[in-house]
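Student: Pasting run_0.cif below, which is mmCIF, C-alpha atoms and all ligand atoms.
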data_run
#
loop_
_atom_site.group_PDB
_atom_site.id
_atom_site.type_symbol
_atom_site.label_atom_id
_atom_site.label_comp_id
_atom_site.auth_asym_id
_atom_site.auth_seq_id
_atom_site.Cartn_x
_atom_site.Cartn_y
_atom_site.Cartn_z
ATOM 1 C CA MET A 26 -15.151 41.814 3.174
ATOM 2 C CA LYS A 27 -18.346 40.538 4.782
ATOM 3 C CA ALA A 28 -18.885 36.795 5.228
ATOM 4 C CA PHE A 29 -22.040 35.317 3.691
ATOM 5 C CA THR A 30 -24.654 33.489 5.776
ATOM 6 C CA GLU A 31 -25.066 29.724 5.334
ATOM 7 C CA LYS A 32 -28.274 30.376 3.386
ATOM 8 C CA GLU A 33 -26.532 32.811 1.030
ATOM 9 C CA ILE A 34 -23.643 30.379 0.503
ATOM 10 C CA ASN A 35 -25.908 27.463 -0.385
ATOM 11 C CA GLU A 36 -27.859 29.701 -2.759
ATOM 12 C CA LYS A 37 -24.655 30.748 -4.538
ATOM 13 C CA LEU A 38 -23.397 27.142 -4.666
ATOM 14 C CA LYS A 39 -26.328 26.228 -6.923
ATOM 15 C CA ASP A 40 -24.252 27.813 -9.719
ATOM 16 C CA PHE A 41 -21.331 25.495 -8.921
ATOM 17 C CA GLU A 42 -20.877 21.788 -9.473
ATOM 18 C CA GLY A 43 -18.988 19.622 -7.024
ATOM 19 C CA TRP A 44 -18.605 22.177 -4.265
ATOM 20 C CA GLU A 45 -20.215 21.896 -0.845
ATOM 21 C CA TYR A 46 -20.345 24.008 2.266
ATOM 22 C CA PHE A 47 -19.448 22.767 5.720
ATOM 23 C CA GLU A 48 -17.302 23.857 8.653
ATOM 24 C CA ASN A 49 -17.242 27.513 7.584
ATOM 25 C CA SER A 50 -15.638 26.774 4.166
ATOM 26 C CA ILE A 51 -16.569 25.632 0.688
ATOM 27 C CA HIS A 52 -14.914 22.404 -0.390
ATOM 28 C CA THR A 53 -14.197 20.356 -3.480
ATOM 29 C CA ALA A 54 -11.809 17.614 -4.574
ATOM 30 C CA PHE A 55 -10.337 16.606 -7.906
ATOM 31 C CA GLU A 56 -8.787 13.389 -9.108
ATOM 32 C CA PHE A 57 -6.132 13.275 -11.831
ATOM 33 C CA GLU A 58 -4.346 10.607 -13.844
ATOM 34 C CA ASN A 59 -1.284 10.771 -11.632
ATOM 35 C CA PHE A 60 0.740 12.918 -9.243
ATOM 36 C CA LYS A 61 2.337 15.004 -11.962
ATOM 37 C CA GLU A 62 -1.042 16.028 -13.393
ATOM 38 C CA ALA A 63 -2.324 16.864 -9.912
ATOM 39 C CA PHE A 64 0.701 18.967 -9.050
ATOM 40 C CA THR A 65 0.637 20.730 -12.406
ATOM 41 C CA MET A 66 -2.930 21.868 -11.694
ATOM 42 C CA MET A 67 -1.922 22.973 -8.193
ATOM 43 C CA THR A 68 0.788 25.121 -9.767
ATOM 44 C CA ARG A 69 -1.690 26.671 -12.184
ATOM 45 C CA ILE A 70 -4.111 27.366 -9.336
ATOM 46 C CA ALA A 71 -1.262 28.837 -7.295
ATOM 47 C CA PHE A 72 -0.548 31.451 -9.988
ATOM 48 C CA GLU A 73 -4.229 32.435 -10.079
ATOM 49 C CA ALA A 74 -4.349 32.584 -6.278
ATOM 50 C CA GLU A 75 -1.407 34.976 -6.318
ATOM 51 C CA ARG A 76 -3.075 37.098 -8.964
ATOM 52 C CA LEU A 77 -6.261 37.265 -6.857
ATOM 53 C CA GLN A 78 -4.343 37.601 -3.593
ATOM 54 C CA HIS A 79 -6.579 34.894 -2.203
ATOM 55 C CA HIS A 80 -5.246 31.473 -1.347
ATOM 56 C CA PRO A 81 -6.691 27.976 -0.922
ATOM 57 C CA ASP A 82 -6.370 25.671 2.057
ATOM 58 C CA TRP A 83 -5.572 22.440 0.283
ATOM 59 C CA SER A 84 -3.929 19.073 0.365
ATOM 60 C CA ASN A 85 -2.609 16.639 -2.165
ATOM 61 C CA VAL A 86 -2.370 12.869 -1.887
ATOM 62 C CA TYR A 87 -0.824 11.248 -4.971
ATOM 63 C CA ASN A 88 -3.406 11.998 -7.721
ATOM 64 C CA THR A 89 -6.018 13.838 -5.644
ATOM 65 C CA VAL A 90 -6.236 17.494 -4.683
ATOM 66 C CA SER A 91 -8.644 18.547 -1.923
ATOM 67 C CA ILE A 92 -9.484 22.226 -1.721
ATOM 68 C CA SER A 93 -11.189 24.296 0.982
ATOM 69 C CA LEU A 94 -11.869 27.974 0.537
ATOM 70 C CA SER A 95 -12.602 30.524 3.214
ATOM 71 C CA THR A 96 -11.581 34.077 3.932
ATOM 72 C CA HIS A 97 -9.454 34.000 7.041
ATOM 73 C CA ASP A 98 -9.748 37.744 7.615
ATOM 74 C CA ALA A 99 -13.569 37.506 7.601
ATOM 75 C CA ASP A 100 -13.735 34.168 9.445
ATOM 76 C CA GLY A 101 -16.117 32.809 6.818
ATOM 77 C CA VAL A 102 -16.950 32.545 3.137
ATOM 78 C CA THR A 103 -16.929 35.754 1.072
ATOM 79 C CA GLU A 104 -17.200 36.764 -2.563
ATOM 80 C CA LYS A 105 -13.441 36.236 -2.854
ATOM 81 C CA ASP A 106 -13.921 32.514 -2.218
ATOM 82 C CA PHE A 107 -16.521 32.237 -4.952
ATOM 83 C CA GLU A 108 -14.236 34.185 -7.280
ATOM 84 C CA LEU A 109 -11.394 31.738 -6.627
ATOM 85 C CA ALA A 110 -13.753 28.734 -6.885
ATOM 86 C CA LYS A 111 -14.939 29.969 -10.297
ATOM 87 C CA THR A 112 -11.345 30.520 -11.409
ATOM 88 C CA ILE A 113 -10.407 26.985 -10.325
ATOM 89 C CA ASP A 114 -13.406 25.500 -12.149
ATOM 90 C CA ASN A 115 -12.461 27.431 -15.284
ATOM 91 C CA LEU A 116 -8.890 26.095 -15.109
ATOM 92 C CA MET A 117 -10.250 22.586 -14.731
ATOM 93 C CA GLY A 118 -12.224 23.125 -17.939
HETATM 94 C C1 LIG B 1 -2.541 40.763 2.655
HETATM 95 C C2 LIG B 1 -3.216 39.641 1.929
HETATM 96 O O1 LIG B 1 -3.989 40.139 0.869
HETATM 97 C C3 LIG B 1 -4.099 38.855 2.870
HETATM 98 O O2 LIG B 1 -3.336 38.301 3.900
HETATM 99 C C4 LIG B 1 -4.862 37.774 2.146
HETATM 100 C C5 LIG B 1 -3.973 36.755 1.458
HETATM 101 N N1 LIG B 1 -4.698 35.572 1.077
HETATM 102 C C6 LIG B 1 -5.786 35.175 1.764
HETATM 103 N N2 LIG B 1 -6.383 34.031 1.472
HETATM 104 C C7 LIG B 1 -7.449 33.614 2.159
HETATM 105 N N3 LIG B 1 -8.010 32.439 1.849
HETATM 106 N N4 LIG B 1 -7.957 34.346 3.158
HETATM 107 C C8 LIG B 1 -7.445 35.526 3.512
HETATM 108 O O3 LIG B 1 -7.973 36.178 4.435
HETATM 109 C C9 LIG B 1 -6.319 35.993 2.799
HETATM 110 N N5 LIG B 1 -5.770 37.145 3.052
#
How does the structure come out when it is put into structure tokens?
Tutor:
Amino acid sequence: MKAFTEKEINEKLKDFEGWEYFENSIHTAFEFENFKEAFTMMTRIAFEAERLQHHPDWSNVYNTVSISLSTHDADGVTEKDFELAKTIDNLMG
């Protein structure tokens, strides 16, 4: 899959809230009530990532989850990243 240009990425990100593009990935972060809530959402995202066969680069510190999406095979951001970003936003409600 072909990686989008920076211009294309920023255009597509206008349809997203709380995501930004830098360092060849799109990024967001979420804060939860506590660790259990954060990890529960990570588990839900993990199932969707498996379904899509597209996986986040992410980290968790106590009640925060930081997520970066890129397509490693394409060395950039592709439609698959926006598909996963949309899926994550839908899970978050
Ligand atoms: C074979 C399998 O579909 C590939 O290795 C997938 C798995 N998940 C992936 N996730 C991400 N973020 N980038 C990839 O290039 C990628 N490749």
Student: Please find the residues contacting ligand LIG 1 (chain B) at a distance of at most 9 Å between atoms, with all atoms listed in the file counted, and report them as number ranges by chain.
Tutor: A: 74-75, 77-82, 93-100, 105-106
Student: Rounded to one decimal, what separation in Å do you get between atom CA of Asp114 of chain A and atom CA of Trp83 of chain A?
Tutor: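 Rounded to one decimal, the two atoms are 15.0 Å apart.
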Student: Check what the PyMOL selection byres (((chain A and resi 87) around 12) and not hetatm) selects in the file above and give those residues as a list in words.
Tutor: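 Taken over the shown coordinates, the PyMOL selection byres (((chain A and resi 87) around 12) and not hetatm) returns Phe55, Glu56, Phe57, Glu58, Asn59, Phe60, Lys61, Glu62, Ala63, Phe64, Ser84, Asn85, Val86, Asn88, Thr89, Val90 and Ser91 of chain A.
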Student: In Å, rounded to a single decimal, give me how far atom CA of Asn115 of chain A is from atom CA of Ala28 of chain A.
Tutor: 23.4 Å
Student: Grab the atom CA of Gly118 of chain A to atom CA of Glu104 of chain A distance for me, in Å with one decimal place.
Tutor: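 Calculated distance between atom CA of Gly118 of chain A and atom CA of Glu104 of chain A is 21.1 Å.
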Student: Can you report as JSON the centre and edge lengths in Å, to one decimal, of an axis-aligned box around the listed atoms of segment 88-92 of chain A padded with 6 Å on each side?
Tutor:
{"center_x": -6.4, "center_y": 17.1, "center_z": -4.7, "size_x": 18.1, "size_y": 22.2, "size_z": 18.0}
Student: Looking at only C-alpha atoms, which of A:Ser50, A:Thr112, A:Thr30, A:Thr103 is the one that sits closest to Phe72 of chain A?
Tutor: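 The shortest atom-to-atom distance to Phe72 of chain A comes from A:Thr112.
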Student: Could you check which of A:Phe47, A:Ile113, A:Thr68, A:Glu73 is closest to Asn35 of chain A, using all atoms listed in the file?
Tutor: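 Smallest separation from Asn35 of chain A among the options: A:Phe47.
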Student: Between A:Met66, A:Ile92, A:Ala71, A:Ile34, which has the minimum distance to Leu116 of chain A (counting all atoms listed in the file)?
Tutor: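 Distance minimum relative to Leu116 of chain A lands on A:Met66.
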Student: So, counting all atoms listed in the file, which residue among A:Met117, A:Asn49, A:Gly101, A:Arg69 is closest to Met26 of chain A?
Tutor: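 Going through A:Met117, A:Asn49, A:Gly101, A:Arg69 one by one, the smallest distance to Met26 of chain A is for A:Gly101.
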Student: From the set A:Tyr46, A:Ala110, A:Phe41, A:Thr53, which residue has the shortest atom-to-atom contact distance to Phe29 of chain A, counting only C-alpha atoms?
Tutor: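 That would be A:Tyr46, the residue with the smallest distance to Phe29 of chain A.
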Student: Which residue, A:Arg76, A:Ile70, A:Lys111, A:Glu31, has the smallest gap to Glu48 of chain A when you use only C-alpha atoms?
Tutor: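 Of the candidates, the smallest distance to Glu48 of chain A is held by A:Glu31.
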Student: Some atoms are absent from segment 71-83 of chain A, so rebuild N, CA and C atoms and return them as a compact mmCIF listing (two decimals), in the frame of the given file.
Tutor:
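Result file is result36.txt:
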# COMPACT_ATOMS: atom_id res chain seq x y z
N ALA A 71 -2.10 27.97 -8.14
CA ALA A 71 -1.26 28.84 -7.30
C ALA A 71 -1.02 30.19 -7.97
N PHE A 72 -0.77 30.18 -9.26
CA PHE A 72 -0.55 31.45 -9.99
C PHE A 72 -1.80 32.32 -9.97
N GLU A 73 -2.97 31.68 -10.12
CA GLU A 73 -4.23 32.44 -10.08
C GLU A 73 -4.49 32.96 -8.67
N ALA A 74 -4.17 32.15 -7.67
CA ALA A 74 -4.35 32.58 -6.28
C ALA A 74 -3.49 33.81 -5.98
N GLU A 75 -2.29 33.81 -6.49
CA GLU A 75 -1.41 34.98 -6.32
C GLU A 75 -1.97 36.20 -7.01
N ARG A 76 -2.48 35.99 -8.21
CA ARG A 76 -3.08 37.10 -8.96
C ARG A 76 -4.26 37.69 -8.18
N LEU A 77 -5.07 36.81 -7.60
CA LEU A 77 -6.26 37.26 -6.86
C LEU A 77 -5.93 37.70 -5.43
N GLN A 78 -4.71 37.40 -5.00
CA GLN A 78 -4.34 37.60 -3.59
C GLN A 78 -5.35 36.94 -2.66
N HIS A 79 -5.67 35.69 -3.02
CA HIS A 79 -6.58 34.89 -2.20
C HIS A 79 -6.16 33.44 -2.39
N HIS A 80 -5.97 32.74 -1.29
CA HIS A 80 -5.25 31.47 -1.35
C HIS A 80 -6.05 30.31 -0.77
N PRO A 81 -5.94 29.14 -1.40
CA PRO A 81 -6.69 27.98 -0.92
C PRO A 81 -6.03 27.31 0.29
N ASP A 82 -6.87 26.66 1.10
CA ASP A 82 -6.37 25.67 2.06
C ASP A 82 -6.52 24.36 1.30
N TRP A 83 -5.45 23.63 1.12
CA TRP A 83 -5.57 22.44 0.28
C TRP A 83 -4.60 21.37 0.68
